[in-house]
Amino acid sequence: MFQYCLFDLDGTLTDPREGITKSVQYALHHFGIEEPDLKKLEPFIGPPLKDSFMEFYGFSEEQAKEAIAVYRERFAPVGVLENQIFEGIPEMLQHLHQNGQKLAVASSKPIGFVRQILQHFGIDRYFDVVVGSELDGTRGTKEEVVEEALSQLGILELSDEEKKKNCVMVGDRKFDIQGAKAYGLTGIGVSFGFAGEGELKEEGADIIVDTVKALEEVLLG
């Protein structure tokens with residue numbers, strides 16, 4: 001049993017596809033770029049927005065910052081709750097919480113949005129620690145988010161052996177596995193999120209699960 005469980009949010013606990021892709025579409029329109037196929041924008045789910053605008057559309061850093069501001073014009077009032085919780089997640093979190101395990105959210109999404117989503121779905125009460133990025137881009141990488149979560153849980157200074165045995169990072173993208181590896185955690189990849197084919201295996205996830213039920217079984221040991 002893992003005593004400490006860190007969870008990514010987007011693509012792991014909830015399916016934010018509609019809100020994120022429509023808000024990216026809105027931002028691209030501002031720059032004269034029309035993308036009618038929302039599926040093509042799904043790679044934006046997971047990594048920091050700035051990195052995605054720069055990687056996928058060749059934006060400069062300044063353009064990417066402007067794009068994020070426009071994105072939030074739609075995301076903050078509308079897109080944040082164009083979201084669905086994956087079936088079985090509330091029950092799994094309740095079981096882990098009742099089992100005495102310490103739970104944390106470690107998301108690259110701005111902390112205010114993270115808290116709003118957790119409260120909307122009524123699962124905020126299960127988490128001992130909630131960490132996200134800041135609106136100004138501070139703590140924008142998964143590694144920084146994981147470090148802060150471990151610090152708030154009081155286990156950052158555990159030995160690598162103790163962290164590997166007792167602490168897990170659960171996520172749907174390679175960035176989550178990278179965050180786990182950076183701090184010696186066990187990395188669990190969930191295939192029901194937004195990873196590309198083979199992405200989690202190639203990144204070296206210790207365990208890959210296909211369903212929420214399978215994830216619960218692993219976490220409860």
# chains A, B, ... in the order shown; residues from 1 in each chain; ligands from 1
>>> select_by_dssp(residues="range 75-216 of chain A", states="strand (DSSP E)", output="PDB file with N, CA and C atoms, in the first residue's frame")
ATOM      1  N   GLN A  84     -15.832  16.724 -16.854  1.00  0.00           N
ATOM      2  CA  GLN A  84     -16.555  15.573 -16.300  1.00  0.00           C
ATOM      3  C   GLN A  84     -15.602  14.755 -15.446  1.00  0.00           C
ATOM      4  N   ILE A  85     -16.095  14.277 -14.320  1.00  0.00           N
ATOM      5  CA  ILE A  85     -15.247  13.423 -13.480  1.00  0.00           C
ATOM      6  C   ILE A  85     -15.337  11.993 -14.004  1.00  0.00           C
ATOM      7  N   LYS A 102      -2.628   9.341   2.696  1.00  0.00           N
ATOM      8  CA  LYS A 102      -2.552  10.785   2.495  1.00  0.00           C
ATOM      9  C   LYS A 102      -2.618  11.078   0.994  1.00  0.00           C
ATOM     10  N   LEU A 103      -3.548  11.946   0.601  1.00  0.00           N
ATOM     11  CA  LEU A 103      -3.786  12.212  -0.819  1.00  0.00           C
ATOM     12  C   LEU A 103      -3.449  13.658  -1.158  1.00  0.00           C
ATOM     13  N   ALA A 104      -2.880  13.847  -2.341  1.00  0.00           N
ATOM     14  CA  ALA A 104      -2.529  15.183  -2.812  1.00  0.00           C
ATOM     15  C   ALA A 104      -2.865  15.313  -4.297  1.00  0.00           C
ATOM     16  N   VAL A 105      -3.215  16.521  -4.705  1.00  0.00           N
ATOM     17  CA  VAL A 105      -3.314  16.847  -6.124  1.00  0.00           C
ATOM     18  C   VAL A 105      -2.049  17.604  -6.505  1.00  0.00           C
ATOM     19  N   ALA A 106      -1.419  17.173  -7.590  1.00  0.00           N
ATOM     20  CA  ALA A 106      -0.220  17.834  -8.099  1.00  0.00           C
ATOM     21  C   ALA A 106      -0.465  18.133  -9.576  1.00  0.00           C
ATOM     22  N   SER A 107      -0.952  19.353  -9.853  1.00  0.00           N
ATOM     23  CA  SER A 107      -1.396  19.717 -11.206  1.00  0.00           C
ATOM     24  C   SER A 107      -0.630  20.931 -11.714  1.00  0.00           C
ATOM     25  N   SER A 108      -0.413  20.970 -13.029  1.00  0.00           N
ATOM     26  CA  SER A 108       0.210  22.145 -13.655  1.00  0.00           C
ATOM     27  C   SER A 108      -0.809  23.253 -13.899  1.00  0.00           C
ATOM     28  N   LYS A 109      -2.084  22.975 -13.665  1.00  0.00           N
ATOM     29  CA  LYS A 109      -3.136  23.977 -13.836  1.00  0.00           C
ATOM     30  C   LYS A 109      -3.047  25.002 -12.698  1.00  0.00           C
ATOM     31  N   PRO A 110      -3.385  26.267 -12.932  1.00  0.00           N
ATOM     32  CA  PRO A 110      -3.376  27.255 -11.850  1.00  0.00           C
ATOM     33  C   PRO A 110      -4.219  26.807 -10.658  1.00  0.00           C
ATOM     34  N   VAL A 129      -3.475  17.804   0.628  1.00  0.00           N
ATOM     35  CA  VAL A 129      -2.655  18.843   0.005  1.00  0.00           C
ATOM     36  C   VAL A 129      -3.122  19.041  -1.431  1.00  0.00           C
ATOM     37  N   VAL A 130      -3.224  20.297  -1.851  1.00  0.00           N
ATOM     38  CA  VAL A 130      -3.572  20.614  -3.244  1.00  0.00           C
ATOM     39  C   VAL A 130      -2.544  21.618  -3.758  1.00  0.00           C
ATOM     40  N   VAL A 131      -1.841  21.235  -4.824  1.00  0.00           N
ATOM     41  CA  VAL A 131      -0.802  22.086  -5.394  1.00  0.00           C
ATOM     42  C   VAL A 131      -1.056  22.285  -6.881  1.00  0.00           C
ATOM     43  N   GLY A 132      -0.913  23.510  -7.332  1.00  0.00           N
ATOM     44  CA  GLY A 132      -0.997  23.829  -8.754  1.00  0.00           C
ATOM     45  C   GLY A 132       0.029  24.888  -9.088  1.00  0.00           C
ATOM     46  N   SER A 133      -0.047  25.404 -10.294  1.00  0.00           N
ATOM     47  CA  SER A 133       0.831  26.511 -10.671  1.00  0.00           C
ATOM     48  C   SER A 133       0.178  27.821 -10.233  1.00  0.00           C
ATOM     49  N   CYS A 167       5.449   6.245  -1.741  1.00  0.00           N
ATOM     50  CA  CYS A 167       4.828   7.401  -2.391  1.00  0.00           C
ATOM     51  C   CYS A 167       4.692   7.177  -3.895  1.00  0.00           C
ATOM     52  N   VAL A 168       3.525   7.541  -4.436  1.00  0.00           N
ATOM     53  CA  VAL A 168       3.250   7.309  -5.851  1.00  0.00           C
ATOM     54  C   VAL A 168       2.727   8.587  -6.489  1.00  0.00           C
ATOM     55  N   MET A 169       3.086   8.787  -7.750  1.00  0.00           N
ATOM     56  CA  MET A 169       2.516   9.863  -8.571  1.00  0.00           C
ATOM     57  C   MET A 169       1.690   9.204  -9.657  1.00  0.00           C
ATOM     58  N   VAL A 170       0.410   9.585  -9.728  1.00  0.00           N
ATOM     59  CA  VAL A 170      -0.510   9.006 -10.710  1.00  0.00           C
ATOM     60  C   VAL A 170      -0.844  10.054 -11.762  1.00  0.00           C
ATOM     61  N   GLY A 171      -0.662   9.724 -13.029  1.00  0.00           N
ATOM     62  CA  GLY A 171      -0.982  10.685 -14.081  1.00  0.00           C
ATOM     63  C   GLY A 171      -1.188  10.017 -15.419  1.00  0.00           C
ATOM     64  N   THR A 186       7.259   6.174  -7.164  1.00  0.00           N
ATOM     65  CA  THR A 186       6.705   5.195  -8.094  1.00  0.00           C
ATOM     66  C   THR A 186       5.765   5.940  -9.035  1.00  0.00           C
ATOM     67  N   GLY A 187       5.913   5.733 -10.318  1.00  0.00           N
ATOM     68  CA  GLY A 187       5.089   6.421 -11.308  1.00  0.00           C
ATOM     69  C   GLY A 187       4.032   5.498 -11.895  1.00  0.00           C
ATOM     70  N   ILE A 188       2.766   5.844 -11.703  1.00  0.00           N
ATOM     71  CA  ILE A 188       1.673   5.056 -12.276  1.00  0.00           C
ATOM     72  C   ILE A 188       1.026   5.852 -13.395  1.00  0.00           C
ATOM     73  N   GLY A 189       0.947   5.256 -14.568  1.00  0.00           N
ATOM     74  CA  GLY A 189       0.290   5.891 -15.704  1.00  0.00           C
ATOM     75  C   GLY A 189      -1.101   5.322 -15.896  1.00  0.00           C
ATOM     76  N   VAL A 190      -2.063   6.202 -16.183  1.00  0.00           N
ATOM     77  CA  VAL A 190      -3.429   5.742 -16.476  1.00  0.00           C
ATOM     78  C   VAL A 190      -3.684   5.910 -17.972  1.00  0.00           C
ATOM     79  N   ILE A 207       4.088   1.346 -13.470  1.00  0.00           N
ATOM     80  CA  ILE A 207       2.848   0.585 -13.612  1.00  0.00           C
ATOM     81  C   ILE A 207       1.934   1.361 -14.550  1.00  0.00           C
ATOM     82  N   ILE A 208       1.222   0.659 -15.420  1.00  0.00           N
ATOM     83  CA  ILE A 208       0.212   1.290 -16.268  1.00  0.00           C
ATOM     84  C   ILE A 208      -1.109   0.565 -16.038  1.00  0.00           C
ATOM     85  N   VAL A 209      -2.174   1.341 -15.759  1.00  0.00           N
ATOM     86  CA  VAL A 209      -3.491   0.741 -15.548  1.00  0.00           C
ATOM     87  C   VAL A 209      -4.470   1.294 -16.571  1.00  0.00           C
TER      88      VAL A 209
END
>>> residues_around(residues="Glu148 in chain A", least_positions_apart="2", cutoff="10 Å", atoms="only C-alpha atoms", output="list in words")
Ala106, Val129, Val130, Val131, Gly132, Arg139, Lys142, Glu143, Glu144, Val145, Val146, Leu150, Ser151, Gln152, Leu153, Gly154 and Leu156 of chain A
>>> atom_distance(atom1="CA of Ser23 in chain A", atom2="CA of Ile89 in chain A")
25.1 Å
>>> atom_distance(atom1="CA of Leu118 in chain A", atom2="CA of Lys164 in chain A")
26.9 Å
>>> atom_distance(atom1="CA of Phe53 in chain A", atom2="CA of Leu13 in chain A")
24.0 Å
>>> select_by_dssp(residues="range 2-191 of chain A", states="alpha helix (DSSP H)", output="PyMOL selection string")
chain A and resi 17-30+49-57+61-75+89-98+111-120+142-153+160-166+174-182
>>> write_last_selection(atoms="C-alpha atoms", output="PDB file, in the first residue's frame")
ATOM      1  CA  ARG A  17     -11.468  17.900 -22.931  1.00  0.00           C
ATOM      2  CA  GLU A  18     -14.348  20.230 -23.863  1.00  0.00           C
ATOM      3  CA  GLY A  19     -13.329  23.216 -21.770  1.00  0.00           C
ATOM      4  CA  ILE A  20      -9.626  23.142 -22.619  1.00  0.00           C
ATOM      5  CA  THR A  21      -9.921  22.496 -26.360  1.00  0.00           C
ATOM      6  CA  LYS A  22     -12.656  25.093 -26.887  1.00  0.00           C
ATOM      7  CA  SER A  23     -10.640  27.673 -24.937  1.00  0.00           C
ATOM      8  CA  VAL A  24      -7.501  26.900 -26.987  1.00  0.00           C
ATOM      9  CA  GLN A  25      -9.617  27.229 -30.140  1.00  0.00           C
ATOM     10  CA  TYR A  26     -10.826  30.626 -28.866  1.00  0.00           C
ATOM     11  CA  ALA A  27      -7.236  31.772 -28.247  1.00  0.00           C
ATOM     12  CA  LEU A  28      -6.033  30.622 -31.659  1.00  0.00           C
ATOM     13  CA  HIS A  29      -8.906  32.509 -33.324  1.00  0.00           C
ATOM     14  CA  HIS A  30      -7.548  35.684 -31.695  1.00  0.00           C
ATOM     15  CA  LEU A  49      -0.093  25.977 -21.876  1.00  0.00           C
ATOM     16  CA  LYS A  50       2.876  28.181 -22.702  1.00  0.00           C
ATOM     17  CA  ASP A  51       4.943  25.190 -23.786  1.00  0.00           C
ATOM     18  CA  SER A  52       2.092  23.871 -25.950  1.00  0.00           C
ATOM     19  CA  PHE A  53       1.428  27.149 -27.788  1.00  0.00           C
ATOM     20  CA  MET A  54       5.155  27.452 -28.504  1.00  0.00           C
ATOM     21  CA  GLU A  55       5.613  23.812 -29.537  1.00  0.00           C
ATOM     22  CA  PHE A  56       2.477  23.232 -31.603  1.00  0.00           C
ATOM     23  CA  TYR A  57       1.999  26.676 -33.190  1.00  0.00           C
ATOM     24  CA  GLU A  61       7.272  33.431 -25.541  1.00  0.00           C
ATOM     25  CA  GLU A  62       5.461  36.786 -25.686  1.00  0.00           C
ATOM     26  CA  GLN A  63       2.825  35.448 -28.085  1.00  0.00           C
ATOM     27  CA  ALA A  64       2.332  32.419 -25.842  1.00  0.00           C
ATOM     28  CA  LYS A  65       1.753  34.653 -22.818  1.00  0.00           C
ATOM     29  CA  GLU A  66      -0.796  36.664 -24.805  1.00  0.00           C
ATOM     30  CA  ALA A  67      -2.468  33.447 -25.959  1.00  0.00           C
ATOM     31  CA  ILE A  68      -2.787  32.252 -22.343  1.00  0.00           C
ATOM     32  CA  ALA A  69      -4.433  35.541 -21.354  1.00  0.00           C
ATOM     33  CA  VAL A  70      -6.956  35.190 -24.203  1.00  0.00           C
ATOM     34  CA  TYR A  71      -7.488  31.500 -23.368  1.00  0.00           C
ATOM     35  CA  ARG A  72      -8.433  32.470 -19.808  1.00  0.00           C
ATOM     36  CA  GLU A  73     -11.006  34.979 -21.090  1.00  0.00           C
ATOM     37  CA  ARG A  74     -13.095  31.949 -22.024  1.00  0.00           C
ATOM     38  CA  PHE A  75     -11.757  29.317 -19.653  1.00  0.00           C
ATOM     39  CA  ILE A  89     -13.019   8.383  -9.042  1.00  0.00           C
ATOM     40  CA  PRO A  90     -15.077   9.736  -6.094  1.00  0.00           C
ATOM     41  CA  GLU A  91     -15.554   6.234  -4.701  1.00  0.00           C
ATOM     42  CA  MET A  92     -11.853   5.419  -5.102  1.00  0.00           C
ATOM     43  CA  LEU A  93     -10.784   8.620  -3.316  1.00  0.00           C
ATOM     44  CA  GLN A  94     -13.236   7.912  -0.507  1.00  0.00           C
ATOM     45  CA  HIS A  95     -11.833   4.398  -0.045  1.00  0.00           C
ATOM     46  CA  LEU A  96      -8.228   5.626  -0.008  1.00  0.00           C
ATOM     47  CA  HIS A  97      -9.110   8.394   2.445  1.00  0.00           C
ATOM     48  CA  GLN A  98     -10.951   5.970   4.740  1.00  0.00           C
ATOM     49  CA  ILE A 111      -4.253  26.510  -8.238  1.00  0.00           C
ATOM     50  CA  GLY A 112      -7.461  28.578  -8.252  1.00  0.00           C
ATOM     51  CA  PHE A 113      -8.907  26.534 -11.118  1.00  0.00           C
ATOM     52  CA  VAL A 114      -7.783  23.282  -9.462  1.00  0.00           C
ATOM     53  CA  ARG A 115      -9.601  24.107  -6.226  1.00  0.00           C
ATOM     54  CA  GLN A 116     -12.711  25.219  -8.134  1.00  0.00           C
ATOM     55  CA  ILE A 117     -12.879  21.917 -10.045  1.00  0.00           C
ATOM     56  CA  LEU A 118     -12.312  19.771  -6.943  1.00  0.00           C
ATOM     57  CA  GLN A 119     -15.059  21.655  -5.082  1.00  0.00           C
ATOM     58  CA  HIS A 120     -17.416  21.442  -8.083  1.00  0.00           C
ATOM     59  CA  LYS A 142       5.423  19.118 -13.099  1.00  0.00           C
ATOM     60  CA  GLU A 143       8.716  18.668 -11.257  1.00  0.00           C
ATOM     61  CA  GLU A 144       8.166  21.921  -9.331  1.00  0.00           C
ATOM     62  CA  VAL A 145       4.593  20.941  -8.534  1.00  0.00           C
ATOM     63  CA  VAL A 146       5.639  17.509  -7.256  1.00  0.00           C
ATOM     64  CA  GLU A 147       8.400  19.051  -5.131  1.00  0.00           C
ATOM     65  CA  GLU A 148       5.936  21.449  -3.482  1.00  0.00           C
ATOM     66  CA  ALA A 149       3.419  18.659  -2.856  1.00  0.00           C
ATOM     67  CA  LEU A 150       6.077  16.478  -1.211  1.00  0.00           C
ATOM     68  CA  SER A 151       7.208  19.455   0.863  1.00  0.00           C
ATOM     69  CA  GLN A 152       3.667  20.174   2.079  1.00  0.00           C
ATOM     70  CA  LEU A 153       3.177  16.495   2.903  1.00  0.00           C
ATOM     71  CA  ASP A 160      14.777   7.647  -2.365  1.00  0.00           C
ATOM     72  CA  GLU A 161      14.150   4.087  -1.185  1.00  0.00           C
ATOM     73  CA  GLU A 162      11.439   5.205   1.237  1.00  0.00           C
ATOM     74  CA  LYS A 163       9.802   7.456  -1.356  1.00  0.00           C
ATOM     75  CA  LYS A 164       9.767   4.727  -4.003  1.00  0.00           C
ATOM     76  CA  LYS A 165       8.138   2.306  -1.565  1.00  0.00           C
ATOM     77  CA  ASN A 166       5.658   4.660   0.100  1.00  0.00           C
ATOM     78  CA  LYS A 174       4.710  11.606 -19.727  1.00  0.00           C
ATOM     79  CA  PHE A 175       5.111  14.801 -17.697  1.00  0.00           C
ATOM     80  CA  ASP A 176       3.585  13.063 -14.678  1.00  0.00           C
ATOM     81  CA  ILE A 177       6.020  10.168 -14.974  1.00  0.00           C
ATOM     82  CA  GLN A 178       8.888  12.637 -15.353  1.00  0.00           C
ATOM     83  CA  GLY A 179       7.763  14.336 -12.148  1.00  0.00           C
ATOM     84  CA  ALA A 180       7.683  11.000 -10.353  1.00  0.00           C
ATOM     85  CA  LYS A 181      11.147  10.022 -11.569  1.00  0.00           C
ATOM     86  CA  ALA A 182      12.634  13.401 -10.617  1.00  0.00           C
TER      87      ALA A 182
END
>>> residues_around(residues="Leu220 in chain A", least_positions_apart="4", cutoff="9 Å", atoms="only C-alpha atoms", output="ChimeraX atom specification")
/A:1-2,95-96,99,101,215-216
>>> closest_residue(among="A:Pro16, A:Asp8, A:Glu202, A:Val218", to="Glu82 in chain A", atoms="only C-alpha atoms")
A:Pro16
>>> residues_around(residues="Asp10 in chain A", least_positions_apart="4", cutoff="7 Å", atoms="only C-alpha atoms", output="ChimeraX atom specification")
/A:14-16,45-46
>>> closest_residue(among="A:Pro36, A:Pro43, A:Gly88, A:Gly122", to="Phe194 in chain A", atoms="only C-alpha atoms")
A:Pro43
>>> closest_residue(among="A:Lys201, A:Lys213, A:Arg173, A:Arg125", to="Phe44 in chain A", atoms="only C-alpha atoms")
A:Arg173
